[in-house]
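Structure file run.pdb; described as PDB, C-alpha atoms, pLDDT in the B column.
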```
MODEL        1
ATOM      1  CA  MET A 404      21.966  16.788 -24.810  1.00 58.00           C
ATOM      2  CA  ALA A 405      18.456  16.517 -23.395  1.00 85.00           C
ATOM      3  CA  ARG A 406      16.463  19.643 -22.621  1.00 94.00           C
ATOM      4  CA  TRP A 407      13.166  20.422 -20.917  1.00 97.00           C
ATOM      5  CA  SER A 408      10.036  20.341 -23.035  1.00 97.00           C
ATOM      6  CA  ASP A 409       7.509  23.137 -23.256  1.00 97.00           C
ATOM      7  CA  TRP A 410       4.983  23.361 -20.427  1.00 97.00           C
ATOM      8  CA  TYR A 411       1.687  21.499 -20.874  1.00 98.00           C
ATOM      9  CA  ALA A 412      -1.535  21.396 -18.871  1.00 98.00           C
ATOM     10  CA  LEU A 413      -1.510  18.433 -16.503  1.00 98.00           C
ATOM     11  CA  THR A 414      -4.767  16.807 -17.584  1.00 97.00           C
ATOM     12  CA  GLU A 415      -5.445  13.256 -18.665  1.00 97.00           C
ATOM     13  CA  GLY A 416      -6.022  14.164 -22.318  1.00 97.00           C
ATOM     14  CA  VAL A 417      -2.933  16.343 -22.603  1.00 98.00           C
ATOM     15  CA  VAL A 418      -0.777  13.724 -20.864  1.00 98.00           C
ATOM     16  CA  TYR A 419      -1.999  11.083 -23.355  1.00 96.00           C
ATOM     17  CA  ASP A 420      -1.265  13.425 -26.274  1.00 97.00           C
ATOM     18  CA  CYS A 421       1.983  15.097 -25.164  1.00 97.00           C
ATOM     19  CA  ALA A 422       3.837  13.085 -22.520  1.00 97.00           C
ATOM     20  CA  PRO A 423       6.525  10.724 -23.837  1.00 96.00           C
ATOM     21  CA  ASP A 424       6.106   6.959 -23.896  1.00 97.00           C
ATOM     22  CA  GLU A 425       9.622   6.474 -22.550  1.00 96.00           C
ATOM     23  CA  PRO A 426      11.481   6.877 -19.255  1.00 97.00           C
ATOM     24  CA  GLY A 427      12.464  10.375 -18.196  1.00 97.00           C
ATOM     25  CA  VAL A 428      12.282  13.221 -15.706  1.00 98.00           C
ATOM     26  CA  TYR A 429       9.449  15.684 -15.181  1.00 98.00           C
ATOM     27  CA  LEU A 430       8.516  18.857 -13.323  1.00 98.00           C
ATOM     28  CA  ILE A 431       5.028  19.602 -12.017  1.00 98.00           C
ATOM     29  CA  ALA A 432       4.096  23.221 -11.314  1.00 98.00           C
ATOM     30  CA  LEU A 433       1.123  25.351 -10.381  1.00 97.00           C
ATOM     31  CA  ASP A 434      -0.485  27.104 -13.343  1.00 95.00           C
ATOM     32  CA  ASP A 435      -2.145  30.543 -13.569  1.00 81.00           C
ATOM     33  CA  GLY A 436       0.685  32.482 -11.922  1.00 79.00           C
ATOM     34  CA  TYR A 437       0.311  30.806  -8.557  1.00 79.00           C
ATOM     35  CA  GLY A 438       3.501  30.275  -6.638  1.00 90.00           C
ATOM     36  CA  LEU A 439       4.684  28.918  -3.329  1.00 94.00           C
ATOM     37  CA  GLN A 440       7.014  30.681  -0.945  1.00 96.00           C
ATOM     38  CA  TYR A 441      10.168  28.784  -0.124  1.00 97.00           C
ATOM     39  CA  PRO A 442      12.899  30.027   2.256  1.00 97.00           C
ATOM     40  CA  ASN A 443      14.834  31.764  -0.556  1.00 97.00           C
ATOM     41  CA  GLY A 444      12.034  32.921  -2.842  1.00 96.00           C
ATOM     42  CA  TRP A 445       8.929  31.977  -4.792  1.00 96.00           C
ATOM     43  CA  SER A 446       8.528  29.111  -7.246  1.00 97.00           C
ATOM     44  CA  ASP A 447       5.600  27.510  -9.025  1.00 97.00           C
ATOM     45  CA  ILE A 448       7.364  24.091  -8.983  1.00 98.00           C
ATOM     46  CA  VAL A 449       5.656  21.653  -6.607  1.00 98.00           C
ATOM     47  CA  TYR A 450       7.272  18.339  -7.616  1.00 98.00           C
ATOM     48  CA  ILE A 451      10.348  17.016  -9.381  1.00 98.00           C
ATOM     49  CA  GLY A 452      10.105  13.361 -10.370  1.00 97.00           C
ATOM     50  CA  SER A 453      11.578  10.677 -12.538  1.00 96.00           C
ATOM     51  CA  SER A 454      10.374   7.524 -14.142  1.00 95.00           C
ATOM     52  CA  PRO A 455      13.550   5.561 -14.895  1.00 93.00           C
ATOM     53  CA  LEU A 456      11.854   2.214 -15.634  1.00 93.00           C
ATOM     54  CA  ARG A 457       8.446   3.220 -17.021  1.00 94.00           C
ATOM     55  CA  SER A 458       7.238   5.979 -19.289  1.00 97.00           C
ATOM     56  CA  VAL A 459       6.756   9.560 -18.160  1.00 98.00           C
ATOM     57  CA  LYS A 460       3.195   9.231 -19.463  1.00 98.00           C
ATOM     58  CA  GLU A 461       2.451   6.300 -17.116  1.00 97.00           C
ATOM     59  CA  ARG A 462       3.912   8.107 -14.128  1.00 97.00           C
ATOM     60  CA  LEU A 463       2.017  11.346 -14.728  1.00 98.00           C
ATOM     61  CA  LEU A 464      -1.247   9.436 -15.116  1.00 98.00           C
ATOM     62  CA  GLU A 465      -0.584   7.741 -11.767  1.00 97.00           C
ATOM     63  CA  HIS A 466      -0.353  11.167 -10.119  1.00 97.00           C
ATOM     64  CA  LEU A 467      -3.671  12.207 -11.661  1.00 96.00           C
ATOM     65  CA  THR A 468      -5.518   9.085 -10.527  1.00 94.00           C
ATOM     66  CA  GLY A 469      -4.156   9.122  -6.970  1.00 94.00           C
ATOM     67  CA  ARG A 470      -1.844   6.120  -7.385  1.00 95.00           C
ATOM     68  CA  GLY A 471       1.243   8.351  -7.446  1.00 94.00           C
ATOM     69  CA  ASN A 472       2.341  11.132  -5.114  1.00 96.00           C
ATOM     70  CA  SER A 473      -0.595  11.975  -2.803  1.00 96.00           C
ATOM     71  CA  CYS A 474       0.479  15.620  -2.415  1.00 97.00           C
ATOM     72  CA  VAL A 475       0.468  16.102  -6.211  1.00 97.00           C
ATOM     73  CA  HIS A 476      -2.947  14.435  -6.408  1.00 97.00           C
ATOM     74  CA  LYS A 477      -4.382  16.764  -3.740  1.00 96.00           C
ATOM     75  CA  LEU A 478      -3.036  19.833  -5.543  1.00 96.00           C
ATOM     76  CA  TYR A 479      -4.426  18.485  -8.833  1.00 96.00           C
ATOM     77  CA  GLN A 480      -7.880  18.325  -7.251  1.00 96.00           C
ATOM     78  CA  ARG A 481      -7.706  21.995  -6.180  1.00 94.00           C
ATOM     79  CA  TYR A 482      -5.554  23.817  -8.742  1.00 95.00           C
ATOM     80  CA  ARG A 483      -4.602  23.797 -12.385  1.00 96.00           C
ATOM     81  CA  LEU A 484      -1.199  22.169 -12.781  1.00 98.00           C
ATOM     82  CA  MET A 485       1.256  21.932 -15.645  1.00 98.00           C
ATOM     83  CA  PHE A 486       4.190  19.698 -16.488  1.00 98.00           C
ATOM     84  CA  SER A 487       7.444  19.762 -18.399  1.00 98.00           C
ATOM     85  CA  CYS A 488       9.632  16.737 -19.083  1.00 98.00           C
ATOM     86  CA  MET A 489      12.974  15.625 -20.432  1.00 97.00           C
ATOM     87  CA  ILE A 490      14.357  12.318 -21.716  1.00 97.00           C
ATOM     88  CA  PRO A 491      17.945  12.256 -20.424  1.00 96.00           C
ATOM     89  CA  GLU A 492      20.414   9.399 -20.617  1.00 94.00           C
ATOM     90  CA  SER A 493      20.155   8.858 -16.841  1.00 95.00           C
ATOM     91  CA  PRO A 494      16.738   9.867 -15.441  1.00 95.00           C
ATOM     92  CA  TYR A 495      17.709   9.181 -11.826  1.00 94.00           C
ATOM     93  CA  ASP A 496      20.892  11.308 -11.973  1.00 96.00           C
ATOM     94  CA  THR A 497      19.059  14.122 -13.756  1.00 97.00           C
ATOM     95  CA  GLU A 498      16.288  14.046 -11.140  1.00 97.00           C
ATOM     96  CA  GLN A 499      18.862  14.242  -8.322  1.00 97.00           C
ATOM     97  CA  ASN A 500      20.731  17.107 -10.006  1.00 97.00           C
ATOM     98  CA  THR A 501      17.470  18.991 -10.575  1.00 98.00           C
ATOM     99  CA  LEU A 502      16.423  18.498  -6.937  1.00 98.00           C
ATOM    100  CA  ASP A 503      19.856  19.587  -5.685  1.00 98.00           C
ATOM    101  CA  ASN A 504      19.693  22.721  -7.841  1.00 98.00           C
ATOM    102  CA  PHE A 505      16.188  23.528  -6.584  1.00 98.00           C
ATOM    103  CA  VAL A 506      17.295  23.189  -2.950  1.00 98.00           C
ATOM    104  CA  ARG A 507      20.372  25.392  -3.585  1.00 98.00           C
ATOM    105  CA  THR A 508      18.193  28.026  -5.243  1.00 98.00           C
ATOM    106  CA  TYR A 509      15.081  28.001  -3.025  1.00 98.00           C
ATOM    107  CA  GLY A 510      16.402  26.632   0.287  1.00 98.00           C
ATOM    108  CA  ASP A 511      14.083  23.625   0.492  1.00 97.00           C
ATOM    109  CA  TYR A 512      12.644  20.741  -1.539  1.00 98.00           C
ATOM    110  CA  PRO A 513       9.565  21.322  -3.710  1.00 98.00           C
ATOM    111  CA  ARG A 514       6.360  21.102  -1.676  1.00 97.00           C
ATOM    112  CA  CYS A 515       5.483  17.547  -2.765  1.00 98.00           C
ATOM    113  CA  ASN A 516       9.010  16.064  -2.663  1.00 97.00           C
ATOM    114  CA  GLU A 517      10.163  14.450   0.555  1.00 84.00           C
ATOM    115  CA  PRO A 518      13.858  14.921   1.416  1.00 74.00           C
TER     116      PRO A 518
ENDMDL
END
```
Take the structure in the file and give it back as structure tokens.
Amino acid sequence: MARWSDWYALTEGVVYDCAPDEPGVYLIALDDGYGLQYPNGWSDIVYIGSSPLRSVKERLLEHLTGRGNSCVHKLYQRYRLMFSCMIPESPYDTEQNTLDNFVRTYGDYPRCNEP
């Protein structure tokens, strides 16, 4: 069974060194103890994503360069971010389950995910 990796700094060098070269699911969060208030509590998670056809590494690099999620890119320009990832059998289903769980727990989608 797949499990989440450790947390890593979301920087180009760390992504090249630590992000997997295969499809998967990833979380992006604020670093340094920052958090965002959601309807049912605080979380540092700002984005839940998947890369079912390309590598997690490619997708994370797109976010850093502005070719991915624009909200993530804006946060990256202002704050230190971190990421965790997993290589499940079905990245899309795992992403959906993770999003559903986040919404059940916090009452809304992560800041950079659109419902």
Subject >> Test item: the PyMOL selection byres ((chain A and resi 445-460) around 7) resolved as a VMD selection string >> reply: chain A and resid 418 to 419 422 to 433 437 to 441 444 461 to 464 494 to 495 498 502 513 to 516
Original post:
Restricting the calculation to all atoms listed in the file, which member of A:Tyr482, A:Ser473, A:Asp434, A:Tyr509 is positioned closest to A:Trp410?
Top reply: A:Asp434
Subject >> Selected residue, from A:Asp420, A:Thr414, A:Asp496, A:Asp435, that lies nearest to A:Gln480 when counting only C-alpha atoms >> reply: A:Thr414
Subject >> Straight-line distance linking atom CA of A:Thr501 with atom CA of A:Asn443, stated in Å to one decimal >> reply: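 Going from atom CA of A:Thr501 over to atom CA of A:Asn443, I get 16.4 Å.
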Put a box with edges along x, y and z around all the listed atoms of stretch 491-494 of chain A, pad it by 4 Å on each side, then give me its centre and sizes in Å, one decimal, as JSON.
```
{"center_x": 18.6, "center_y": 10.6, "center_z": -18.0, "size_x": 11.7, "size_y": 11.4, "size_z": 13.2}
```
Subject >> Gap from atom CA of A:Gly469 to atom CA of A:Pro518 - Å, one decimal >> reply: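 If I compute the distance from atom CA of A:Gly469 to atom CA of A:Pro518, I get 20.7 Å.
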**OP:** Calculate how many Å separate atom CA of A:Cys474 from atom CA of A:Gln499, rounding to one decimal.
**Re:**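 Separating atom CA of A:Cys474 from atom CA of A:Gln499 is a distance of 19.4 Å.
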**OP:** Considering only C-alpha atoms, state which residue in the set A:Glu415, A:Pro442, A:Phe486, A:Cys421 is at the smallest distance from A:Thr508.
**Re:**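 Checking each of A:Glu415, A:Pro442, A:Phe486, A:Cys421 against A:Thr508, counting only C-alpha atoms, the winner is A:Pro442.
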**OP:** Quick one: apply the PyMOL selection byres ((chain A and resi 491) around 8) to the file and drop the selected residues here as a ChimeraX atom specification.
**Re:** /A:404-406,427-428,489-490,492-494,497
**OP:** Please identify all polymer residues within 7 Å of A:Ala412, counting all atoms listed in the file, omitting same-chain residues fewer than 3 positions from it, and present them as a list in words.
**Re:** Val417, Leu484, Met485 and Phe486 of chain A
Go ahead and save the picked residues with C-alpha atoms, as an mmCIF file, keeping the file's coordinate frame.
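Output file selection_27.cif is given in full below:
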```
data_model
loop_
_atom_site.group_PDB
_atom_site.id
_atom_site.type_symbol
_atom_site.label_atom_id
_atom_site.label_comp_id
_atom_site.auth_asym_id
_atom_site.auth_seq_id
_atom_site.Cartn_x
_atom_site.Cartn_y
_atom_site.Cartn_z
ATOM 1 C CA VAL A 417 -2.933 16.343 -22.603
ATOM 2 C CA LEU A 484 -1.199 22.169 -12.781
ATOM 3 C CA MET A 485 1.256 21.932 -15.645
ATOM 4 C CA PHE A 486 4.190 19.698 -16.488
#
```
Complete stretch 459-478 of chain A with N, CA and C atoms (output as a PDB file, in the frame of the given file).
```
ATOM      1  N   VAL A 459       7.198   8.333 -18.823  1.00 98.00           N
ATOM      2  CA  VAL A 459       6.756   9.560 -18.160  1.00 98.00           C
ATOM      3  C   VAL A 459       5.228   9.622 -18.203  1.00 98.00           C
ATOM      4  N   LYS A 460       4.655   9.224 -19.320  1.00 98.00           N
ATOM      5  CA  LYS A 460       3.195   9.231 -19.463  1.00 98.00           C
ATOM      6  C   LYS A 460       2.536   8.400 -18.362  1.00 98.00           C
ATOM      7  N   GLU A 461       3.021   7.172 -18.160  1.00 97.00           N
ATOM      8  CA  GLU A 461       2.451   6.300 -17.116  1.00 97.00           C
ATOM      9  C   GLU A 461       2.543   6.949 -15.746  1.00 97.00           C
ATOM     10  N   ARG A 462       3.691   7.519 -15.447  1.00 97.00           N
ATOM     11  CA  ARG A 462       3.912   8.107 -14.128  1.00 97.00           C
ATOM     12  C   ARG A 462       3.014   9.314 -13.900  1.00 97.00           C
ATOM     13  N   LEU A 463       2.885  10.183 -14.880  1.00 98.00           N
ATOM     14  CA  LEU A 463       2.017  11.346 -14.728  1.00 98.00           C
ATOM     15  C   LEU A 463       0.562  10.931 -14.543  1.00 98.00           C
ATOM     16  N   LEU A 464       0.130   9.920 -15.273  1.00 98.00           N
ATOM     17  CA  LEU A 464      -1.247   9.436 -15.116  1.00 98.00           C
ATOM     18  C   LEU A 464      -1.476   8.866 -13.721  1.00 98.00           C
ATOM     19  N   GLU A 465      -0.461   8.234 -13.146  1.00 97.00           N
ATOM     20  CA  GLU A 465      -0.584   7.741 -11.767  1.00 97.00           C
ATOM     21  C   GLU A 465      -0.835   8.901 -10.801  1.00 97.00           C
ATOM     22  N   HIS A 466      -0.143  10.007 -10.992  1.00 97.00           N
ATOM     23  CA  HIS A 466      -0.353  11.167 -10.119  1.00 97.00           C
ATOM     24  C   HIS A 466      -1.791  11.676 -10.237  1.00 97.00           C
ATOM     25  N   LEU A 467      -2.321  11.694 -11.448  1.00 96.00           N
ATOM     26  CA  LEU A 467      -3.671  12.207 -11.661  1.00 96.00           C
ATOM     27  C   LEU A 467      -4.739  11.314 -11.040  1.00 96.00           C
ATOM     28  N   THR A 468      -4.509  10.018 -11.030  1.00 94.00           N
ATOM     29  CA  THR A 468      -5.518   9.085 -10.527  1.00 94.00           C
ATOM     30  C   THR A 468      -5.373   8.788  -9.038  1.00 94.00           C
ATOM     31  N   GLY A 469      -4.342   9.348  -8.399  1.00 94.00           N
ATOM     32  CA  GLY A 469      -4.156   9.122  -6.970  1.00 94.00           C
ATOM     33  C   GLY A 469      -3.279   7.937  -6.633  1.00 94.00           C
ATOM     34  N   ARG A 470      -2.727   7.267  -7.639  1.00 95.00           N
ATOM     35  CA  ARG A 470      -1.844   6.120  -7.385  1.00 95.00           C
ATOM     36  C   ARG A 470      -0.381   6.541  -7.301  1.00 95.00           C
ATOM     37  N   GLY A 471      -0.115   7.831  -7.512  1.00 94.00           N
ATOM     38  CA  GLY A 471       1.243   8.351  -7.446  1.00 94.00           C
ATOM     39  C   GLY A 471       1.446   9.134  -6.161  1.00 94.00           C
ATOM     40  N   ASN A 472       2.068  10.280  -6.258  1.00 96.00           N
ATOM     41  CA  ASN A 472       2.341  11.132  -5.114  1.00 96.00           C
ATOM     42  C   ASN A 472       1.031  11.745  -4.605  1.00 96.00           C
ATOM     43  N   SER A 473       0.688  11.510  -3.333  1.00 96.00           N
ATOM     44  CA  SER A 473      -0.595  11.975  -2.803  1.00 96.00           C
ATOM     45  C   SER A 473      -0.668  13.501  -2.719  1.00 96.00           C
ATOM     46  N   CYS A 474       0.451  14.157  -2.456  1.00 97.00           N
ATOM     47  CA  CYS A 474       0.479  15.620  -2.415  1.00 97.00           C
ATOM     48  C   CYS A 474       0.155  16.195  -3.795  1.00 97.00           C
ATOM     49  N   VAL A 475       0.759  15.644  -4.843  1.00 97.00           N
ATOM     50  CA  VAL A 475       0.468  16.102  -6.211  1.00 97.00           C
ATOM     51  C   VAL A 475      -1.012  15.883  -6.512  1.00 97.00           C
ATOM     52  N   HIS A 476      -1.531  14.729  -6.139  1.00 97.00           N
ATOM     53  CA  HIS A 476      -2.947  14.435  -6.408  1.00 97.00           C
ATOM     54  C   HIS A 476      -3.864  15.443  -5.712  1.00 97.00           C
ATOM     55  N   LYS A 477      -3.565  15.780  -4.463  1.00 96.00           N
ATOM     56  CA  LYS A 477      -4.382  16.764  -3.740  1.00 96.00           C
ATOM     57  C   LYS A 477      -4.327  18.131  -4.420  1.00 96.00           C
ATOM     58  N   LEU A 478      -3.146  18.550  -4.837  1.00 96.00           N
ATOM     59  CA  LEU A 478      -3.036  19.833  -5.543  1.00 96.00           C
ATOM     60  C   LEU A 478      -3.794  19.789  -6.872  1.00 96.00           C
TER      61      LEU A 478
END
```
